[in-house]
$ cat query.csv   # CSV, C-alpha atoms
chain,number,residue,atom,x,y,z
A,1,MET,CA,51.5,99.3,72.5
A,2,ALA,CA,53.8,100.3,75.3
A,3,THR,CA,54.5,104.1,75.6
A,4,SER,CA,57.6,105.7,77.0
A,5,MET,CA,57.3,107.6,80.3
A,6,ASN,CA,57.3,111.4,79.8
A,7,PRO,CA,60.1,113.4,81.4
A,8,GLU,CA,57.9,114.8,84.2
A,9,ALA,CA,56.6,111.4,85.2
A,10,ALA,CA,60.1,109.9,85.0
A,11,GLU,CA,61.5,112.7,87.2
A,12,LYS,CA,58.7,112.2,89.7
A,13,ALA,CA,59.3,108.4,89.8
A,14,ALA,CA,63.0,109.1,90.4
A,15,GLU,CA,62.3,111.4,93.3
A,16,GLU,CA,60.0,108.8,94.9
A,17,LYS,CA,63.1,106.5,95.1
A,18,LEU,CA,65.2,108.8,97.1
A,19,ARG,CA,66.4,107.1,100.3
A,20,CYS,CA,67.9,108.0,103.7
A,21,VAL,CA,71.4,106.7,103.6
A,22,ASN,CA,71.2,105.8,107.3
A,23,CYS,CA,68.1,103.6,107.5
A,24,GLY,CA,67.0,103.2,103.9
A,25,TRP,CA,63.7,105.0,104.5
A,26,ARG,CA,62.0,106.7,101.6
A,27,VAL,CA,62.3,110.5,101.6
A,28,LYS,CA,60.6,113.2,99.6
A,29,THR,CA,63.6,115.4,99.1
A,30,LEU,CA,67.2,115.4,100.2
A,31,PHE,CA,67.8,119.2,100.5
A,32,VAL,CA,66.2,122.6,100.0
A,33,GLN,CA,68.0,125.1,97.9
A,34,TYR,CA,67.5,128.7,98.9
A,35,SER,CA,70.0,130.2,96.5
A,36,PRO,CA,73.0,129.0,94.5
A,37,GLY,CA,75.4,127.4,96.9
A,38,ASN,CA,73.0,127.8,99.8
A,39,ILE,CA,71.2,124.6,100.7
A,40,ARG,CA,69.7,123.0,103.8
A,41,LEU,CA,69.9,119.2,104.2
A,42,MET,CA,66.7,117.6,105.1
A,43,LYS,CA,66.2,115.0,107.9
A,44,CYS,CA,64.7,111.6,107.6
A,45,ASP,CA,61.2,111.2,109.2
A,46,ASN,CA,62.2,107.7,110.4
A,47,CYS,CA,65.6,108.0,112.0
A,48,LYS,CA,65.6,111.8,112.5
A,49,ALA,CA,69.1,112.1,111.1
A,50,VAL,CA,70.3,114.0,108.0
A,51,ALA,CA,68.9,112.0,105.1
A,52,ASP,CA,72.1,112.2,102.9
A,53,SER,CA,75.1,114.0,104.3
A,54,TYR,CA,77.2,112.8,101.2
A,55,ILE,CA,75.6,115.6,99.2
A,56,GLU,CA,78.2,118.0,100.7
A,57,CYS,CA,81.1,115.6,100.5
A,58,GLU,CA,83.8,115.4,97.9
A,59,PHE,CA,83.8,112.5,95.5
A,60,MET,CA,87.0,111.1,97.0
A,61,ILE,CA,85.3,110.7,100.4
A,62,ILE,CA,82.5,108.8,98.8
A,63,LEU,CA,84.9,106.6,96.9
A,64,ILE,CA,86.8,105.8,100.1
A,65,ASP,CA,83.6,104.8,101.8
A,66,LEU,CA,82.6,102.7,98.8
A,67,ILE,CA,86.0,100.9,99.0
A,68,LEU,CA,85.3,100.3,102.7
A,69,HIS,CA,81.9,98.8,101.7
A,70,LYS,CA,79.8,101.2,103.8
A,71,THR,CA,76.1,100.8,103.0
A,72,LYS,CA,75.5,104.5,103.4
A,73,ALA,CA,77.8,105.2,100.5
A,74,TYR,CA,76.1,102.6,98.4
A,75,ARG,CA,72.6,104.0,99.2
A,76,HIS,CA,73.8,107.5,98.2
A,77,LEU,CA,75.2,106.2,94.9
A,78,LEU,CA,72.5,103.8,93.9
A,79,PHE,CA,69.4,105.6,95.1
A,80,ASN,CA,70.2,109.3,95.3
A,81,MET,CA,72.8,109.7,92.5
A,82,LEU,CA,72.4,107.0,89.8
A,83,ASN,CA,68.7,106.3,89.4
A,84,VAL,CA,67.7,104.5,86.2
A,85,ASP,CA,64.5,106.5,86.0
A,86,ALA,CA,66.0,109.9,86.2
A,87,SER,CA,66.2,111.9,83.0
A,88,ASP,CA,69.8,113.0,83.8
A,89,ASN,CA,70.9,109.3,83.9
A,90,LYS,CA,69.4,108.3,80.6
A,91,GLY,CA,71.6,105.5,79.0
A,92,ILE,CA,73.6,105.0,82.2
A,93,LEU,CA,72.9,101.2,82.1
A,94,GLN,CA,74.1,100.9,78.6
A,95,ARG,CA,77.3,102.9,79.2
A,96,SER,CA,78.0,101.0,82.4
A,97,SER,CA,77.6,97.7,80.6
A,98,LEU,CA,80.0,98.8,77.8
A,99,ILE,CA,82.7,99.8,80.3
A,100,TYR,CA,82.2,96.6,82.3
A,101,PHE,CA,82.6,94.5,79.1
A,102,LEU,CA,85.7,96.4,78.1
A,103,LEU,CA,87.3,95.9,81.5
A,104,ASP,CA,86.4,92.3,81.5
A,105,ALA,CA,88.0,91.9,78.1
A,106,CYS,CA,91.2,93.4,79.6
A,107,ARG,CA,91.0,90.8,82.3
A,108,VAL,CA,90.6,87.9,79.9
A,109,SER,CA,93.3,89.2,77.6
A,110,PHE,CA,95.7,89.5,80.5
A,111,LEU,CA,95.0,86.0,81.6
A,112,LYS,CA,95.5,84.6,78.1
A,113,SER,CA,98.8,86.5,77.7
A,114,CYS,CA,100.0,85.0,81.0
A,115,ARG,CA,99.1,81.5,79.8
A,116,ASP,CA,100.9,82.1,76.5
A,117,ASP,CA,103.9,83.2,78.5
A,118,GLY,CA,104.4,86.3,76.4
A,119,ASP,CA,104.9,84.6,73.1
A,120,SER,CA,105.5,87.4,70.6
A,121,SER,CA,106.2,85.2,67.6
A,122,ARG,CA,102.6,84.6,66.7
A,123,SER,CA,101.3,85.2,63.2
A,124,PRO,CA,98.7,88.0,62.4
A,125,PHE,CA,96.1,85.3,62.0
A,126,SER,CA,96.8,83.9,65.4
A,127,SER,CA,96.5,87.3,66.9
A,128,ILE,CA,93.1,87.9,65.3
A,129,TRP,CA,91.9,84.5,66.5
A,130,THR,CA,93.1,85.3,70.0
A,131,CYS,CA,91.1,88.6,69.9
A,132,LEU,CA,88.0,86.7,68.7
A,133,LYS,CA,88.4,84.2,71.5
A,134,VAL,CA,88.7,87.0,74.1
A,135,LEU,CA,85.5,88.5,72.7
A,136,LEU,CA,83.7,85.2,72.8
A,137,ASP,CA,84.9,84.5,76.3
A,138,VAL,CA,83.7,87.8,77.5
A,139,LEU,CA,80.3,87.6,75.8
A,140,LEU,CA,79.5,84.0,76.7
A,141,GLY,CA,81.0,84.3,80.3
A,142,ASN,CA,78.9,87.3,81.0
A,143,LEU,CA,75.8,85.8,79.4
A,144,VAL,CA,76.1,82.9,81.9
A,145,PHE,CA,76.6,85.5,84.7
A,146,VAL,CA,73.5,87.4,83.7
A,147,VAL,CA,71.3,84.3,83.5
A,148,VAL,CA,72.4,83.1,86.9
A,149,VAL,CA,71.8,86.6,88.4
A,150,ILE,CA,68.3,86.7,86.9
A,151,LEU,CA,67.5,83.2,88.2
A,152,GLY,CA,69.0,83.8,91.6
A,153,SER,CA,67.1,87.1,91.9
A,154,LYS,CA,63.8,85.4,90.9
A,155,PHE,CA,64.0,82.4,93.2
A,156,LEU,CA,66.4,83.3,96.0
A,157,LEU,CA,65.6,87.0,96.3
A,158,SER,CA,61.9,86.5,95.3
A,159,LEU,CA,61.9,89.5,93.0
A,160,SER,CA,58.8,90.0,90.9
A,161,PHE,CA,59.4,90.0,87.1
A,162,ASP,CA,59.6,93.8,86.8
A,163,ILE,CA,62.0,95.1,84.1
A,164,THR,CA,62.7,98.3,86.1
A,165,ARG,CA,63.5,96.2,89.2
A,166,TYR,CA,66.0,94.1,87.2
A,167,LYS,CA,67.5,97.2,85.7
A,168,GLU,CA,68.2,98.4,89.2
A,169,VAL,CA,69.8,95.1,90.2
A,170,PHE,CA,72.1,95.0,87.1
A,171,LEU,CA,73.0,98.7,87.5
A,172,ALA,CA,74.0,97.9,91.1
A,173,ILE,CA,76.2,95.0,90.1
A,174,LEU,CA,77.8,96.9,87.2
A,175,ILE,CA,78.5,100.0,89.3
A,176,SER,CA,79.8,98.0,92.3
A,177,SER,CA,82.3,96.3,90.0
A,178,TYR,CA,84.4,99.5,89.9
A,179,PHE,CA,87.4,97.5,91.3
A,180,LYS,CA,87.8,96.2,87.7
A,181,LEU,CA,89.2,99.7,86.9
A,182,PHE,CA,92.4,98.6,88.6
A,183,LEU,CA,92.9,96.2,85.6
A,184,ILE,CA,93.9,99.2,83.5
A,185,SER,CA,97.0,99.7,85.6
A,186,MET,CA,98.0,96.1,84.8
A,187,MET,CA,98.3,97.1,81.1
A,188,VAL,CA,100.9,99.6,82.1
A,189,TRP,CA,102.8,98.0,85.0
A,190,GLU,CA,103.7,94.4,85.6
A,191,PHE,CA,101.8,92.7,88.4
A,192,PRO,CA,101.6,89.1,89.5
A,193,LEU,CA,98.7,87.0,88.3
A,194,SER,CA,97.3,86.8,91.9
A,195,VAL,CA,96.4,90.5,91.6
A,196,ILE,CA,93.5,89.6,89.2
A,197,PHE,CA,92.0,87.2,91.7
A,198,ILE,CA,92.4,89.8,94.5
A,199,ILE,CA,90.4,92.2,92.3
A,200,ASP,CA,87.8,89.5,91.7
A,201,ILE,CA,87.4,89.0,95.5
A,202,PHE,CA,86.9,92.7,96.0
A,203,VAL,CA,84.4,92.8,93.1
A,204,PHE,CA,82.5,89.9,94.6
A,205,SER,CA,82.2,91.5,98.1
A,206,SER,CA,81.3,94.8,96.6
A,207,ASN,CA,78.5,93.1,94.5
A,208,VAL,CA,77.1,91.6,97.7
A,209,VAL,CA,76.9,94.9,99.5
A,210,ALA,CA,75.3,96.6,96.4
A,211,LEU,CA,72.8,93.8,95.9
A,212,ARG,CA,71.9,93.9,99.6
A,213,VAL,CA,71.3,97.7,99.5
A,214,ILE,CA,69.2,97.6,96.3
A,215,THR,CA,67.1,94.7,97.4
A,216,GLN,CA,67.1,95.3,101.1
A,217,LEU,CA,67.2,91.6,101.8
A,218,SER,CA,69.4,89.4,104.0
A,219,VAL,CA,73.2,89.2,103.5
A,220,SER,CA,73.1,85.4,103.2
A,221,ARG,CA,70.7,85.5,100.2
A,222,CYS,CA,72.8,88.2,98.5
A,223,ILE,CA,76.0,86.2,99.1
A,224,ALA,CA,74.3,83.1,97.6
A,225,VAL,CA,73.2,84.9,94.4
A,226,CYS,CA,76.6,86.5,93.9
A,227,PHE,CA,78.5,83.4,94.7
A,228,MET,CA,76.5,81.3,92.3
A,229,ALA,CA,76.9,83.9,89.5
A,230,HIS,CA,80.6,84.4,90.0
A,231,THR,CA,81.3,80.7,90.4
A,232,THR,CA,79.4,79.8,87.3
A,233,LYS,CA,81.2,82.5,85.3
A,234,PHE,CA,84.6,81.2,86.6
A,235,LEU,CA,83.8,77.6,85.6
A,236,ALA,CA,82.6,78.8,82.2
A,237,ASP,CA,85.8,80.9,81.7
A,238,HIS,CA,88.3,78.2,82.9
A,239,CYS,CA,86.6,74.9,82.1
A,240,VAL,CA,83.9,75.1,79.4
A,241,LEU,CA,85.1,77.9,77.1
A,242,PRO,CA,88.8,76.6,76.8
A,243,ARG,CA,87.5,73.2,75.7
A,244,LEU,CA,85.2,74.8,73.1
A,245,PHE,CA,87.8,77.2,71.6
A,246,GLY,CA,91.1,75.7,72.6

$ encode --input "query.csv" --output "C-alpha cells"
Amino acid sequence: MATSMNPEAAEKAAEEKLRCVNCGWRVKTLFVQYSPGNIRLMKCDNCKAVADSYIECEFMIILIDLILHKTKAYRHLLFNMLNVDASDNKGILQRSSLIYFLLDACRVSFLKSCRDDGDSSRSPFSSIWTCLKVLLDVLLGNLVFVVVVILGSKFLLSLSFDITRYKEVFLAILISSYFKLFLISMMVWEFPLSVIFIIDIFVFSSNVVALRVITQLSVSRCIAVCFMAHTTKFLADHCVLPRLFG
C-alpha cells in the first residue's frame, strides 16, 4: 500500500529541485539568511552567476518578465516558488485547476453570449440549459486537452510515466495560462470578440515557454505538444461539442 511522503522528506525533495534561473543547473540553496531581512544570495556552481536574483525583486517585476516570456522568470516561478512537493504549496495543483476551469467557463460563456447576440428574452429553462452546456463544454474540452498533453508528453517529449513528473507538467501549463485572467475584464467592459483569440495566442506561447522550462527539451517539441493540445481543444469546442449539444 502506498504511503504518503513525510513533511521532512517532502521538503528535502523540494529543495533538490531548486534551479539556477540562468542556466537551469540544480542548486542546493538559493540564499543564506543571517538574520531577518539580512540574506546573501548564493551563486550557481555551473555558471558562477547569482542563482536566483528574483528573490529580491517585487512581484510586478516578475510578472512583467513572465509576460515578456523570459525563461529566467519561469524557472524562478516553477522551480523555486511553486514546487508541487513543497509542504507550503500543498493543494496548489487543485486550486490552480479550479481557477483555470472557472476562467475557461467565463471564456466559453462569453463566446456563447456573442453567438446568441445578447438575446435577453430567454426562459429560465433556456438559461439553465445554457449553463449546463457551458459546464459540459469546459469539462469535455479540457478532458480532450489533458489527454492530448499526456499523449504528447509521453511520445513527443519521451517523459517516463511518473505521476510527479506529470503533475509538474500540468502545473506549468496551468500557471502559464495566467493570461486567462484578462477574461475577467471582459465581464465588466465590452471588448471585441477578437480579444479572446488574442488571449488564446498569448496562453499558447506562454504554455510553450513553461513546458520547455519544466521539461528542458527543444522548443520545436514543446510547440508541437501545445499546438496539438490547443488545436484539438479548439476543434472540440467549435466543431464536435456544438453538434452534440446544439

$ closest_residue --input "query.csv" --among "A:Lys167, A:Arg19, A:Arg107, A:Arg212" --to "Asp237 (chain A)" --atoms "all atoms listed in the file"
A:Arg107

$ residues_near_point --input "query.csv" --point "(66.5, 87.4, 95.9)" --cutoff "12 Å" --atoms "only C-alpha atoms" --output "number ranges by chain"
A: 148-161, 165-166, 169, 208, 211-226

$ atom_distance --input "query.csv" --atom1 "CA of Lys233 (chain A)" --atom2 "CA of Gly141 (chain A)"
5.3 Å

$ residues_around --input "query.csv" --residues "Leu18 (chain A)" --least-positions-apart "5" --cutoff "10 Å" --atoms "only C-alpha atoms" --output "PyMOL selection string"
chain A and resi 13+24-30+51-52+75-76+78-81+83

$ closest_residue --input "query.csv" --among "A:Leu193, A:Trp129, A:Cys239, A:Val21" --to "Lys70 (chain A)" --atoms "all atoms listed in the file"
A:Val21

$ atom_distance --input "query.csv" --atom1 "CA of Ala210 (chain A)" --atom2 "CA of Val32 (chain A)"
27.8 Å

$ atom_distance --input "query.csv" --atom1 "CA of Asp200 (chain A)" --atom2 "CA of Leu136 (chain A)"
19.8 Å

$ closest_residue --input "query.csv" --among "A:Leu68, A:Ile62, A:Val108, A:Met228" --to "Phe197 (chain A)" --atoms "all atoms listed in the file"
A:Val108

$ closest_residue --input "query.csv" --among "A:Thr71, A:Ser185, A:Thr130, A:Thr164" --to "Val209 (chain A)" --atoms "all atoms listed in the file"
A:Thr71

$ closest_residue --input "query.csv" --among "A:Ser126, A:Gln94, A:Asn22, A:Ser177" --to "Cys47 (chain A)" --atoms "only C-alpha atoms"
A:Asn22

$ residues_near_point --input "query.csv" --point "(84.9, 97.2, 89.7)" --cutoff "12 Å" --atoms "only C-alpha atoms" --output "ChimeraX atom specification"
/A:63,66-67,96-97,99-104,107,172-184,196,198-207,210

$ axis_aligned_box --input "query.csv" --around "region 188-193 of chain A" --padding-each-side "3 Å" --output "AutoDock Vina command-line options"
--center_x 101.2 --center_y 93.3 --center_z 85.8 --size_x 11.0 --size_y 18.6 --size_z 13.4

$ closest_residue --input "query.csv" --among "A:Val144, A:Cys131, A:Met187, A:Cys20" --to "Tyr74 (chain A)" --atoms "all atoms listed in the file"
A:Cys20

$ build_atoms --input "query.csv" --residues "region 180-201 of chain A" --atoms "N, CA, C and O atoms" --output "short mmCIF file (atom, residue, chain, number, x, y, z; two decimals), in the coordinates of the input"
data_model
loop_
_atom_site.label_atom_id
_atom_site.label_comp_id
_atom_site.auth_asym_id
_atom_site.auth_seq_id
_atom_site.Cartn_x
_atom_site.Cartn_y
_atom_site.Cartn_z
N LYS A 180 87.26 96.69 88.97
CA LYS A 180 87.80 96.20 87.70
C LYS A 180 88.65 97.35 87.03
O LYS A 180 89.47 97.08 86.15
N LEU A 181 88.43 98.60 87.44
CA LEU A 181 89.20 99.70 86.90
C LEU A 181 90.70 99.55 87.16
O LEU A 181 91.53 100.06 86.41
N PHE A 182 91.04 98.83 88.24
CA PHE A 182 92.40 98.60 88.60
C PHE A 182 93.13 97.73 87.54
O PHE A 182 94.36 97.66 87.50
N LEU A 183 92.32 97.04 86.70
CA LEU A 183 92.90 96.20 85.60
C LEU A 183 93.64 97.07 84.62
O LEU A 183 94.56 96.59 83.94
N ILE A 184 93.23 98.33 84.49
CA ILE A 184 93.90 99.20 83.50
C ILE A 184 95.36 99.39 83.88
O ILE A 184 96.23 99.45 83.00
N SER A 185 95.65 99.48 85.18
CA SER A 185 97.00 99.70 85.60
C SER A 185 97.90 98.44 85.25
O SER A 185 99.12 98.56 85.07
N MET A 186 97.25 97.26 85.13
CA MET A 186 98.00 96.10 84.80
C MET A 186 98.45 96.05 83.34
O MET A 186 99.30 95.25 82.94
N MET A 187 97.84 96.93 82.53
CA MET A 187 98.30 97.10 81.10
C MET A 187 99.50 97.96 81.01
O MET A 187 100.14 98.00 79.97
N VAL A 188 99.79 98.70 82.09
CA VAL A 188 100.90 99.60 82.10
C VAL A 188 102.09 99.07 82.90
O VAL A 188 103.24 99.06 82.44
N TRP A 189 101.77 98.60 84.10
CA TRP A 189 102.80 98.00 85.00
C TRP A 189 102.63 96.54 85.10
O TRP A 189 101.54 95.99 84.91
N GLU A 190 103.71 95.87 85.45
CA GLU A 190 103.70 94.40 85.60
C GLU A 190 103.30 94.03 87.00
O GLU A 190 103.90 94.48 87.97
N PHE A 191 102.27 93.20 87.11
CA PHE A 191 101.80 92.70 88.40
C PHE A 191 101.72 91.18 88.35
O PHE A 191 101.56 90.60 87.27
N PRO A 192 101.82 90.53 89.50
CA PRO A 192 101.60 89.10 89.50
C PRO A 192 100.20 88.69 89.18
O PRO A 192 99.28 89.49 89.35
N LEU A 193 100.03 87.47 88.72
CA LEU A 193 98.70 87.00 88.30
C LEU A 193 97.71 87.00 89.49
O LEU A 193 96.50 87.15 89.29
N SER A 194 98.22 86.87 90.70
CA SER A 194 97.30 86.80 91.90
C SER A 194 96.56 88.12 92.07
O SER A 194 95.50 88.12 92.71
N VAL A 195 97.05 89.23 91.50
CA VAL A 195 96.40 90.50 91.60
C VAL A 195 94.97 90.44 91.00
O VAL A 195 94.00 91.02 91.52
N ILE A 196 94.84 89.71 89.89
CA ILE A 196 93.50 89.60 89.20
C ILE A 196 92.54 88.91 90.15
O ILE A 196 91.37 89.34 90.25
N PHE A 197 92.95 87.88 90.85
CA PHE A 197 92.00 87.20 91.70
C PHE A 197 91.72 87.99 92.99
O PHE A 197 90.62 87.90 93.54
N ILE A 198 92.66 88.83 93.42
CA ILE A 198 92.40 89.80 94.50
C ILE A 198 91.31 90.76 94.09
O ILE A 198 90.38 91.06 94.85
N ILE A 199 91.44 91.27 92.87
CA ILE A 199 90.40 92.20 92.30
C ILE A 199 89.08 91.49 92.24
O ILE A 199 88.04 92.07 92.57
N ASP A 200 89.08 90.22 91.80
CA ASP A 200 87.80 89.50 91.70
C ASP A 200 87.16 89.32 93.07
O ASP A 200 85.92 89.40 93.18
N ILE A 201 87.94 89.12 94.12
CA ILE A 201 87.40 89.00 95.50
C ILE A 201 86.74 90.32 95.91
O ILE A 201 85.64 90.34 96.48
#
